[in-house]
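Asks: Let me begin by handing over the structure; questions about it come next.
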Amino acid sequence: MASEKTVETTGALGWIDQRFPLSSTIKGHLTQYYAPKNFNFWYFFGSLAMFVLVLQIVTGIFLVMHYKPDAAYAFQSVEYIMREVPGGWFVRYMHSTGASMFFVVVYLHMTRALIYGSYRKPRELIWIFGVGIFLCLMAEAFFGYLLPWGQMSYWGAQVIVNLFSAIPFIGPELAIWIRGDYVVSDATLNRFFAFHVIAIPLVLLGLVAAHIVALHEVGSNNPDGIDIKDHKDKYGRPLDGIPFHPYYTVHDILGLAGFLIIFMAIVFFAPEMGGYFLEYNNFVPADPLKTPLHIAPVWYFTPFYSMLRATTSDFTWVLAASAIIGAALTFLRCKGLAKFAWPIALVIVAVLLRTIDAKFWGVVAMGGAVVLLFFLPWLDHSPVRSIRYRPGWHKTLYAIFFINFIVLGYLGTQAPTDAFNLMSQIGTMIYLAFFLLMPIWTVKGAFKPVPDRVVFHAH
Amino acid sequence: MIKKLLSVIALTVACVTAQAAGGSYPLDKAPNRLTDQAALQHGAKTFVNYCLNCHAATSMRYNKLRDIGLTDTQIKENLLFTGEKVGDLMKIAMTSADAKAWFGAPPPDLSVIARAKSVNAGPPGGDYIYTYMRTFYRDTTKPTGWNNLAYPNAGMPHVLWERQGPREYTSVVVHQVTKNGQKQWERATSVYGPEGYWTTTTEPMPNYTGKATSGHGFKALDRDRSMAYDNEMANLAAFMTWMAEPVQQKRKQIGIWVLFFLGIFFVVAWRLNASYWKHIK
């Protein structure tokens with residue numbers, strides 16, 4: 001017989017610990033996982049995202065018990081849940097509010113990462129898993145939005161799937177393959193249901209696990225963007241670190257209490273949130289023969305939707321010119337192979353921008369705006385992580401970026417006009433320039449001295 | 001560059017305000033009678049008697065009307081006419097295919113119409129129903145003989161016209177016309193009589209400097225009937241708002257308790273957090 005593992009625990013717990021790393025997991029991830037003690041308001045949103053994920057899964061399970069993924073019954077079955085299933089309305093409102101609040105929480109979580117440089121070395125993989133989670137979340141929201149089978153569900157799906165038909169050569173067949181029909185239909189509803197309840201949630205959970213494992217491997221960043229592991233006591237514990245449990249568990253419970261007050265106020269008093277969380281048009285059953293006058297996605301997609309609409313044929317001239325300028329810049333600044341590879345690639349992009357239909361580039365702009373985030377750890381060359389120690393004008397740039405993102409979001413909810421279109425084009429350029437010019441602007445300016453130890457004021 | 005940006009912003013503001021000013025017919029505010037059971041019951045009676053012949057409400061069961069204070073017996077005696085059971089859904093005999101052939105488009109299901117007709121960050125659907133039902137006017141050029149201000153060229157005739165009584169509709173439009181190659185302002189006043197025939201008189205406005213406007217007015221020829229009808233429609237709008245989400249009043253009542261509990265929970269969580277963190281220096 002193999003020698004038994006020696007464990008400190010006794011009794012039932014000892015029995016388990018000999019066979020399963022229970023105590024050591026609790027220690028490693030909770031009671032002896034040291035997190036910086038200077039977390040602020042922004043650090044609530046990670047645990048809140050986790051809470052909303054669980055809420056969506058649990059409410060989702062109950063909704064699936066009563067929902068019928070069939071074009072003839074889907075709309076009716078949602079109303080059945082709202083009226084006849086005991087507590088069904090509560091579960092459904094939690095799920096619909098949860099979808100929007102998931103994005104609120106995740107956008108704030110990402111903002112935190114941006115302003116404190118949480119994506120910088122050694123946390124690149126945490127960030128990459130995180131962007132993967134964001135992508136999954138968008139897919140999950142998109143697939144789920146078709147299920148109530150209202151007019152906006154139907155035509156939103158129609159518009160987004162049609163985007164794929166803009167891809168050269170394979171596009172039209174690809175769109176049919178995705179829909180399983182020539183238009184969005186029962187076949188589409190069934191497969192979107194499968195993606196929404198099985199495929200995407202599985203990937204999402206895997207990515208969330210990877211996100212947390214990676215985080216606990218390298219430890220959390222903090223508002224000062226400095227490493228707490230540089231100063232340890234004689235037991236090897238970071239001087240500025242405190243055990244996650246109990247300090248941050250009680251802290252996060254407080255955050256959760258505040259969040260729940262807002263969340264439940266929406267669920268009970270404004271579940272439609274003025275038509276932005278539950279769109280009024282979606283109370284009209286899907287009608288393939290009646291196209292709504294104004295099709296807009298739900299608010300959390302609208303910044304990216306604006307970028308899609310901004311990419312007109314005229315605008316590809318601006319993008320192509322930017323690519324040429326980029327080619328010149330990379331030629332001047334890069335060394336070695338990159339000195340030629342980047343300029344050539346960018347010139348090819350510039351040519352393609354004017355040869356392929358603008359609709360395709362709209363799709364690329366929309367997708368690219370998200371994919372760009374994956375490269376953030378390598379775009380930011382700033383010597384400090386946190387915005388606290390960056391030059392003042394960096395803060396202005398960040399402020400412009402965030403305001404611009406909100407403006408793009410607003411424009412995406414509105415019917416297009418010439419002025420709005422020009423504004424979204426300017427907004428798209430600001431968004432792209434903010435990230436793509438990072439290698440240049442993030443190293444410039446007078447950085448403030450970074451403190452040795454975290455800045456902390458006792459509560 | 002800055003100037004250009006500023007002009008874009010100025011233009012945006014101008015557009016938004018123009019949108020807000022223009023657009024569709026301004027909706028009248030429906031009185032809020034969601035907590036008035038008598039009004040809701042009266043609305044239910046109007047709905048079942050008049051609407052529920054061409055329109056269905058297939059998400060709604062008759063016995064759900066218990067929630068607005070009706071008993072099964074009352075429902076059976078007053079609202080069921082053709083052998084339905086009290087637990088049945090509010091369906092109609094007309095098939096969708098027939099409806100399409102007869103009306104051009106099947107009349108929409110009304111279960112959630114009050115929610116569907118709400119406007120983003122704007123008036124609730126009840127206001128639309130209240131206005132729509134009260135802005136019909138006789139117009140002999142339309143197939144049904146009726147037209148509507150809230151929903152121009154509506155496919156539905158004014159089913160309840162007898163309850164509203166005869167009315168005269170006057171539209172006053174101030175607009176620019178080209179006469180002898182010159183643009184000039186004029187006011188066109190059209191009066192639609194109770195039979196649907198109309199007369200239009202125009203008068204030039206040489207000194208006018210404002211914008212194009214349009215105004216509408218109704219004159220009830222039977223004032224008592226018209227006022228009773230307004231009241232009836234307010235009840236109908238309230239009922240349909242209730243029907244779109246029967247749980248809405250209960251939801252708010254529960255919500256107050258939930259928030260009360262969460263408020264206490266927040267205080268407990270706050271003090272718990274503080275007692276742990278007081279040791280962290």
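Note on naming: chains are A, B, ... as they come in the structure tokens, residues start from 1 per chain, ligands start from 1 in the order shown.
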Need to verify the contact set: Ile212 (chain A), 10 Å, only C-alpha atoms, exclusion of same-chain residues closer than 6 positions in sequence. Can you return it as a VMD selection string?
Replies: chain A and resid 29 46 126 129 to 130 219
Asks: Please identify every residue of chain A that has at least one atom no more than 6 Å from any atom of chain B, counting only C-alpha atoms, and report them as a CSV table (one decimal) with C-alpha atoms, in the first residue's frame.
Replies:
```csv
chain,number,residue,atom,x,y,z
A,250,VAL,CA,-17.2,40.7,4.9
A,251,HIS,CA,-16.2,43.6,2.7
A,254,LEU,CA,-21.2,44.9,2.2
A,257,ALA,CA,-25.8,44.5,0.1
A,268,PHE,CA,-39.6,45.5,-8.2
A,269,PHE,CA,-40.1,49.1,-9.3
A,274,GLY,CA,-37.6,52.9,-19.1
A,275,GLY,CA,-37.4,50.5,-22.1
A,280,TYR,CA,-41.0,47.9,-25.3
A,281,ASN,CA,-40.9,46.7,-28.9
A,283,PHE,CA,-43.6,43.0,-26.2
A,284,VAL,CA,-44.8,42.7,-29.9
A,458,ALA,CA,-7.7,53.0,8.3
```
Asks: Identify which of the residues B:Ile92, B:Leu236, B:Ile129, B:Ala188 lies closest to Thr202 (chain B), counting only C-alpha atoms when measuring atom-to-atom distances.
Replies: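 Going through B:Ile92, B:Leu236, B:Ile129, B:Ala188 one by one, the smallest distance to Thr202 (chain B) is for B:Ala188.
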Asks: What gap, in Å, lies between CA of Leu34 (chain B) and CA of Thr46 (chain B)?
Replies: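 Calculated distance between CA of Leu34 (chain B) and CA of Thr46 (chain B) is 15.8 Å.
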Asks: Just the residues within 8 Å of region 143-158 of chain A, please, counting only C-alpha atoms, with nothing from its chain fewer than 3 positions along; format it as a VMD selection string.
Replies: chain A and resid 69 71 74 to 75 78 139 to 140 161 to 162 183 to 184 189 192 to 193 195 to 196 279 281 to 288 291 to 292 295 to 297
Asks: Using only C-alpha atoms, which residues sit within 10 Å of region 70-76 of chain B once same-chain residues fewer than 2 positions away are excluded, as a PyMOL selection string?
Replies: chain B and resi 37-38+41+45+62-68+78-81+83-87
Asks: Take the residues from that selection and write them out as a PDB file, in the first residue's frame, keeping C-alpha atoms.
Replies:
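To be explicit, this is the file written out as again.pdb:
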```pdb
ATOM      1  CA  GLN B  37     -60.977  48.328  -8.665  1.00  0.00           C
ATOM      2  CA  ALA B  38     -64.316  49.715  -9.843  1.00  0.00           C
ATOM      3  CA  GLN B  41     -63.833  46.184 -13.531  1.00  0.00           C
ATOM      4  CA  LYS B  45     -66.461  44.942 -19.071  1.00  0.00           C
ATOM      5  CA  TYR B  62     -60.931  35.073 -17.523  1.00  0.00           C
ATOM      6  CA  ASN B  63     -60.481  33.961 -13.937  1.00  0.00           C
ATOM      7  CA  LYS B  64     -57.423  36.187 -13.602  1.00  0.00           C
ATOM      8  CA  LEU B  65     -60.079  38.901 -13.244  1.00  0.00           C
ATOM      9  CA  ARG B  66     -60.445  37.674  -9.673  1.00  0.00           C
ATOM     10  CA  ASP B  67     -57.363  39.803  -9.015  1.00  0.00           C
ATOM     11  CA  ILE B  68     -59.408  42.942  -9.686  1.00  0.00           C
ATOM     12  CA  ASN B  78     -71.424  39.010 -17.084  1.00  0.00           C
ATOM     13  CA  LEU B  79     -68.417  38.245 -19.229  1.00  0.00           C
ATOM     14  CA  LEU B  80     -68.822  34.773 -20.742  1.00  0.00           C
ATOM     15  CA  PHE B  81     -71.245  34.606 -23.649  1.00  0.00           C
ATOM     16  CA  GLY B  83     -69.925  28.709 -23.591  1.00  0.00           C
ATOM     17  CA  GLU B  84     -66.377  29.533 -22.468  1.00  0.00           C
ATOM     18  CA  LYS B  85     -65.253  28.269 -19.105  1.00  0.00           C
ATOM     19  CA  VAL B  86     -64.044  30.627 -16.427  1.00  0.00           C
ATOM     20  CA  GLY B  87     -60.539  29.164 -16.632  1.00  0.00           C
TER      21      GLY B  87
END
```
Asks: Show which residues sit within 12 Å of region 436-451 of chain A, as a ChimeraX atom specification. Count only C-alpha atoms, and ignore same-chain residues fewer than 5 positions away.
Replies: /A:117,223-228,322-323,325-326,329-330,333-334,368-369,372-373,375-395,397-398,429-431,456
Asks: Apply DSSP to the structure's backbone, then extract all residues of region 31-110 of chain A labelled helix (DSSP H, G or I) and return them as a ChimeraX atom specification.
Replies: /A:31,41-66,74-83,88-110
Asks: So how far away is CA of Pro303 (chain A) from CA of Asn404 (chain A), in Å?
Replies: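 Distance reported for this atom pair: 9.1 Å.
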Asks: Could you check the closest approach to Thr144 (chain B) for each of B:Gly196, B:Tyr130, B:Ala237, B:Thr178 and tell me which residue wins, using only C-alpha atoms?
Replies: B:Gly196
Asks: Any idea what the distance is between CA of Thr189 (chain B) and CA of Val173 (chain B)?
Replies: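 Separation of CA of Thr189 (chain B) and CA of Val173 (chain B): 6.5 Å.
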Asks: Please provide as an NGL selection string all residues within 9 Å of Tyr34 (chain A), with the sequence filter that same-chain residues fewer than 2 positions apart are discarded (counting only C-alpha atoms).
Replies: :A and (29-32 or 36-37 or 219-220 or 237-238 or 240-245)
Asks: Compare A:His216, A:Arg309, A:Arg123, A:Arg179 by their minimum atom-to-atom distance to Thr417 (chain A), counting only C-alpha atoms, and give me the closest one.
Replies: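 Looking only at the distances to Thr417 (chain A), the closest residue turns out to be A:Arg309.
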Asks: Quick one: DSSP strand (DSSP E or B) residues in region 28-161 of chain B, as a PyMOL selection string?
Replies: chain B and resi 57-61+89-90+136-138+146-148
Asks: Please, could you write that set of residues out with N, CA and C atoms as an mmCIF file, in the first residue's frame?
Replies:
```cif
data_model
loop_
_atom_site.group_PDB
_atom_site.id
_atom_site.type_symbol
_atom_site.label_atom_id
_atom_site.label_comp_id
_atom_site.auth_asym_id
_atom_site.auth_seq_id
_atom_site.Cartn_x
_atom_site.Cartn_y
_atom_site.Cartn_z
ATOM 1 N N ALA B 57 -56.845 38.123 -26.391
ATOM 2 C CA ALA B 57 -55.852 38.416 -25.347
ATOM 3 C C ALA B 57 -55.416 37.056 -24.832
ATOM 4 N N THR B 58 -54.658 36.357 -25.661
ATOM 5 C CA THR B 58 -54.436 34.923 -25.430
ATOM 6 C C THR B 58 -53.525 34.621 -24.247
ATOM 7 N N SER B 59 -52.927 35.651 -23.628
ATOM 8 C CA SER B 59 -52.130 35.353 -22.434
ATOM 9 C C SER B 59 -52.962 35.507 -21.170
ATOM 10 N N MET B 60 -54.215 35.908 -21.349
ATOM 11 C CA MET B 60 -55.052 36.297 -20.214
ATOM 12 C C MET B 60 -56.154 35.262 -19.990
ATOM 13 N N ARG B 61 -56.305 34.823 -18.751
ATOM 14 C CA ARG B 61 -57.422 33.936 -18.422
ATOM 15 C C ARG B 61 -58.547 34.755 -17.803
ATOM 16 N N LEU B 89 -58.635 30.840 -21.682
ATOM 17 C CA LEU B 89 -57.892 32.017 -22.132
ATOM 18 C C LEU B 89 -58.822 32.882 -22.972
ATOM 19 N N MET B 90 -58.524 34.162 -23.035
ATOM 20 C CA MET B 90 -59.361 35.090 -23.804
ATOM 21 C C MET B 90 -59.035 34.961 -25.291
ATOM 22 N N PHE B 136 -60.485 59.359 -32.962
ATOM 23 C CA PHE B 136 -61.077 58.948 -34.238
ATOM 24 C C PHE B 136 -61.883 60.107 -34.816
ATOM 25 N N TYR B 137 -61.867 60.240 -36.129
ATOM 26 C CA TYR B 137 -62.761 61.195 -36.779
ATOM 27 C C TYR B 137 -63.255 60.606 -38.092
ATOM 28 N N ARG B 138 -64.435 61.019 -38.493
ATOM 29 C CA ARG B 138 -65.029 60.540 -39.743
ATOM 30 C C ARG B 138 -64.226 61.072 -40.912
ATOM 31 N N TRP B 146 -63.289 55.871 -41.333
ATOM 32 C CA TRP B 146 -62.730 56.486 -40.130
ATOM 33 C C TRP B 146 -61.239 56.701 -40.278
ATOM 34 N N ASN B 147 -60.760 57.741 -39.651
ATOM 35 C CA ASN B 147 -59.325 57.955 -39.564
ATOM 36 C C ASN B 147 -58.992 58.281 -38.118
ATOM 37 N N ASN B 148 -57.685 58.287 -37.806
ATOM 38 C CA ASN B 148 -57.278 58.465 -36.418
ATOM 39 C C ASN B 148 -56.057 59.360 -36.336
#
```
Asks: So which residues touch Trp102 (chain B) within 12 Å, counting only C-alpha atoms, skipping near sequence neighbours fewer than 5 positions away, as a list in words?
Replies: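 Surrounding residues, per the criterion: Cys54, Met94, Thr95, Ser96, Ala97, Pro107, Pro143, Thr144, Gly155 and Met156 of chain B.
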